[in-house]
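**Q** Following this message is one structure expressed as structure tokens.
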Amino acid sequence: VISAAENRVKKPEWYILDRESNVSFVSLKANAEKVNSIAKVFPVFFFAVAALVALTTMTRMVDEERTEIGTLKALGFSSRAFAAKYLLYAGAAAVTGGVFGLALGLYLFPTVIINVYRIMYRLPEIHLSFNAPISLGALTAAVICILAATLWAAIAALRENPAALMLPKAPKSGKRILLERVGFIWRRMKFTHKVTARNLFRYKKRLFMTVIGISGCTALLLTGFGLKDAIGDIVPKQYEDIQQYDLTVLLSDTADDNTLEYLRKNTDSFTEIHSETGYVLQDGKELEINFYVPKKTEDFADYVKLRERKSGEKLSLQNGGAIITEKFASSHGIKKGDTVTLKTKNGEKAQAKISGICENYINGYVYMTPEYYSELFGKDCAYSTLLIKSGVSADKQDDMTREILATDGVVSASFSTFVIESFDNMISSINYIVLVLIISAGTLAFVVLYNLTNINISERIKEIATIKVLGFFDREINSYVCRETYLLSLIGTAVGLVLGVFLCRFVVYTAEMESIMFGRTIYPKSFVFAAVITVVFTVAVNLALTPRLKKVDMVESMKSVD
């Protein structure tokens with residue numbers, strides 16, 4: 001008897017699930033990989049700027065020591081000895097700065113990023129540790145960049161013979177510039193403005209270095225503000241522009257006309273839809289997506305706006321096809337007119353034609369008419385989900401939720417407000433990332449501008465002393481020197497705004513999560529903020545160097561090289 005009973009008992013099935021089967025773990029892993037992709041791009045800017053600063057600094061250092069180099073070479077010192085000296089000097093600075101940067105970067109940036117993700121995930125205590133391969137790799141790359149720039153700066157001078165090195169370096173010859181050929185503009189320019197225009201193109205190395213450094217700074221700033229715009233667009237566009245309802249109610253099988261009548265009396269309006277979690281089958285994978293089938297297709301547009309994002313064209317549900325959301329479609333290579341395999345939660349499969357791709361920012365949806373759903377899966381829909389325009393203020397939503405849940409036939413009720421609040425918290429955390437980008441970009445701009453402006457003054461010390469003797473006031477001398485920096489900064493800012501659009505686009509596409517699409521618009525205020533902050537740092541550098549201009553000794557103009 002016992003044996004017969006055992007045979008009748010259905011044997012249980014065992015399901016072994018690893019971490020890859022956990023949705024949250026997979027999502028966190030994917031986000032970490034995206035941060036890793038972004039991290040591969042940003043260091044390029046800082047390595048480039050480090051190389052620029054090293055190149056300008058070491059070029060100036062070599063020029064200042066020309067006479068000494070020539071004398072020592074005449075006494076028998078080799079070019080290798082001088083190259084080793086400058087490489088040792090630059091290498092020591094690179095290693096010292098690299099160690100300081102590692103101490104800051106290994107703890108500051110990870111802490112900011114971890115705190116951002118704590119808002120979206122319940123993470124355990126994370127202990128930051130020294131990662132030898134990454135740290136040593138970054139330090140080695142920085143040292144190599146700086147040493148390469150140093151060698152490039154020194155090699156031209158070291159190739160000269162001792163006699164040429166013991167003579168002062170010939171000043172760059174002035175040349176006619178394109179602007180001089182535009183007579184009606186050139187004739188109306190002041191003399192000092194003409195000198196500034198000529199100097200901009202006379203010192204091409206300084207021009208390109210300043211433009212590259214400032215454009216990198218501005219691009220980073222615009223990326224930070226643009227990322228904030230992209231994430232800030234999610235909530236208003238999803239829950240104000242696209243979803244016109246603010247309450248979702250799920251009904252049970254016991255719901256009847258009394259349930260609907262109660263909701264009809266206590267809310268502004270609602271529409272019934274069939275909602276279920278289904279799948280799109282692609283390359284042997286089941287890609288989860290939500291099916292939305294409205295009972296009354298003509299009323300659905302009052303609750304969900306189906307539109308194409310770029311053109312703004314309105315989309316309507318047709319019996320011959322389904323509409324799929326943009327993020328899901330772009331992530332999986334689905335285009336308008338394609339045929340995809342849909343699978344319901346009960347296992348029914350059907351080939352559906354995609355008649356349109358609609359704008360959407362949170363989760364993935366397939367919208368279709370009841371007739372098309374029946375045609376695909378051979379069954380009618382059960383309309384157990386209500387999309388409701390509640391008409392109540394935020395402070396009364398908790399009370400209304402309790403009342404609805406107490407109604408017979410209601411399984412769940414959720415306001416969009418709770419989702420909006422969680423996204424607002426996420427957006428506030430993005431401010432930390434933007435702040436870090438601003439500080440990094442500002443430091444970048446300050447270092448580049450200070451270094452280049454300081455070298456500019458050092459190279460033209462006799463010129464500045466001479467115009468002081470000629471009667472120029474301190475204010476005029478300051479304008480004469482700083483005007484070039486301002487113009488180069490404006491050019492660099494303009495270039496950086498263009499580069500920032502592409503960099504921001506890369507970061508936005510890379511940082512997006514599987515079920516969330518960021519906004520695609522960088523607002524004008526972000527361009528203004530990025531440009532203004534760059535200009536502010538430029539002004540700060542010029543103000544910092546103004547005292548040095550005042551201290552230039554006019555006697556310097558009378559000195560000559562023997």
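Within each chain, counting starts at residue 1; across the structure tokens, chains are named A, B, ... in the order shown, with ligands numbered 1 upward in that order.
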Could you list, as a ChimeraX atom specification, every residue within 8 Å of Cys217 in chain A, counting only C-alpha atoms and ignoring same-chain residues fewer than 4 positions away?
**A** /A:213,221,441-442,444-445,496,534
**Q** Within 6 Å of range 223-228 of chain A, counting only C-alpha atoms, which residues show up once you throw out same-chain ones fewer than 5 positions away? Write them as an NGL selection string, please.
**A** :A and (434 or 500 or 504 or 522 or 526)
**Q** Tell me which of A:Val112, A:Arg122, A:Val498, A:Ile323 sits closest to Leu435 in chain A, counting only C-alpha atoms.
**A**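 Closest to Leu435 in chain A, using only C-alpha atoms: A:Val112.
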**Q** If we count only C-alpha atoms, what is near Ala154 in chain A at a cut-off of 7 Å, once residues fewer than 2 positions away on the same chain are taken out, given as a ChimeraX atom specification?
**A** /A:59,62,83,150-152,156-158
**Q** How about saving the chosen residues, N, CA, C and O atoms kept, as a short mmCIF file (atom, residue, chain, number, x, y, z; two decimals), in the first residue's frame?
**A**
```
data_model
loop_
_atom_site.label_atom_id
_atom_site.label_comp_id
_atom_site.auth_asym_id
_atom_site.auth_seq_id
_atom_site.Cartn_x
_atom_site.Cartn_y
_atom_site.Cartn_z
N THR A 59 59.45 72.26 -22.20
CA THR A 59 59.93 73.09 -23.30
C THR A 59 60.48 74.41 -22.77
O THR A 59 61.56 74.87 -23.18
N VAL A 62 63.82 73.77 -20.88
CA VAL A 62 64.94 73.58 -21.80
C VAL A 62 65.36 74.90 -22.41
O VAL A 62 66.56 75.19 -22.54
N ALA A 83 69.36 64.49 -21.53
CA ALA A 83 68.05 63.84 -21.65
C ALA A 83 67.71 63.10 -20.36
O ALA A 83 66.56 63.16 -19.88
N THR A 150 58.22 64.92 -22.35
CA THR A 150 59.49 65.53 -21.95
C THR A 150 60.57 65.27 -22.99
O THR A 150 61.33 66.18 -23.37
N LEU A 151 60.64 64.04 -23.45
CA LEU A 151 61.64 63.70 -24.46
C LEU A 151 61.40 64.47 -25.75
O LEU A 151 62.35 64.95 -26.40
N TRP A 152 60.14 64.62 -26.11
CA TRP A 152 59.79 65.39 -27.31
C TRP A 152 60.21 66.85 -27.16
O TRP A 152 60.68 67.48 -28.12
N ALA A 156 64.70 68.30 -29.60
CA ALA A 156 65.04 69.29 -30.63
C ALA A 156 66.23 70.13 -30.20
O ALA A 156 67.15 70.39 -30.98
N ALA A 157 66.21 70.57 -28.93
CA ALA A 157 67.31 71.40 -28.44
C ALA A 157 68.60 70.61 -28.32
O ALA A 157 69.69 71.12 -28.63
N LEU A 158 68.51 69.37 -27.90
CA LEU A 158 69.72 68.56 -27.70
C LEU A 158 70.38 68.18 -29.02
O LEU A 158 71.56 67.80 -29.03
#
```
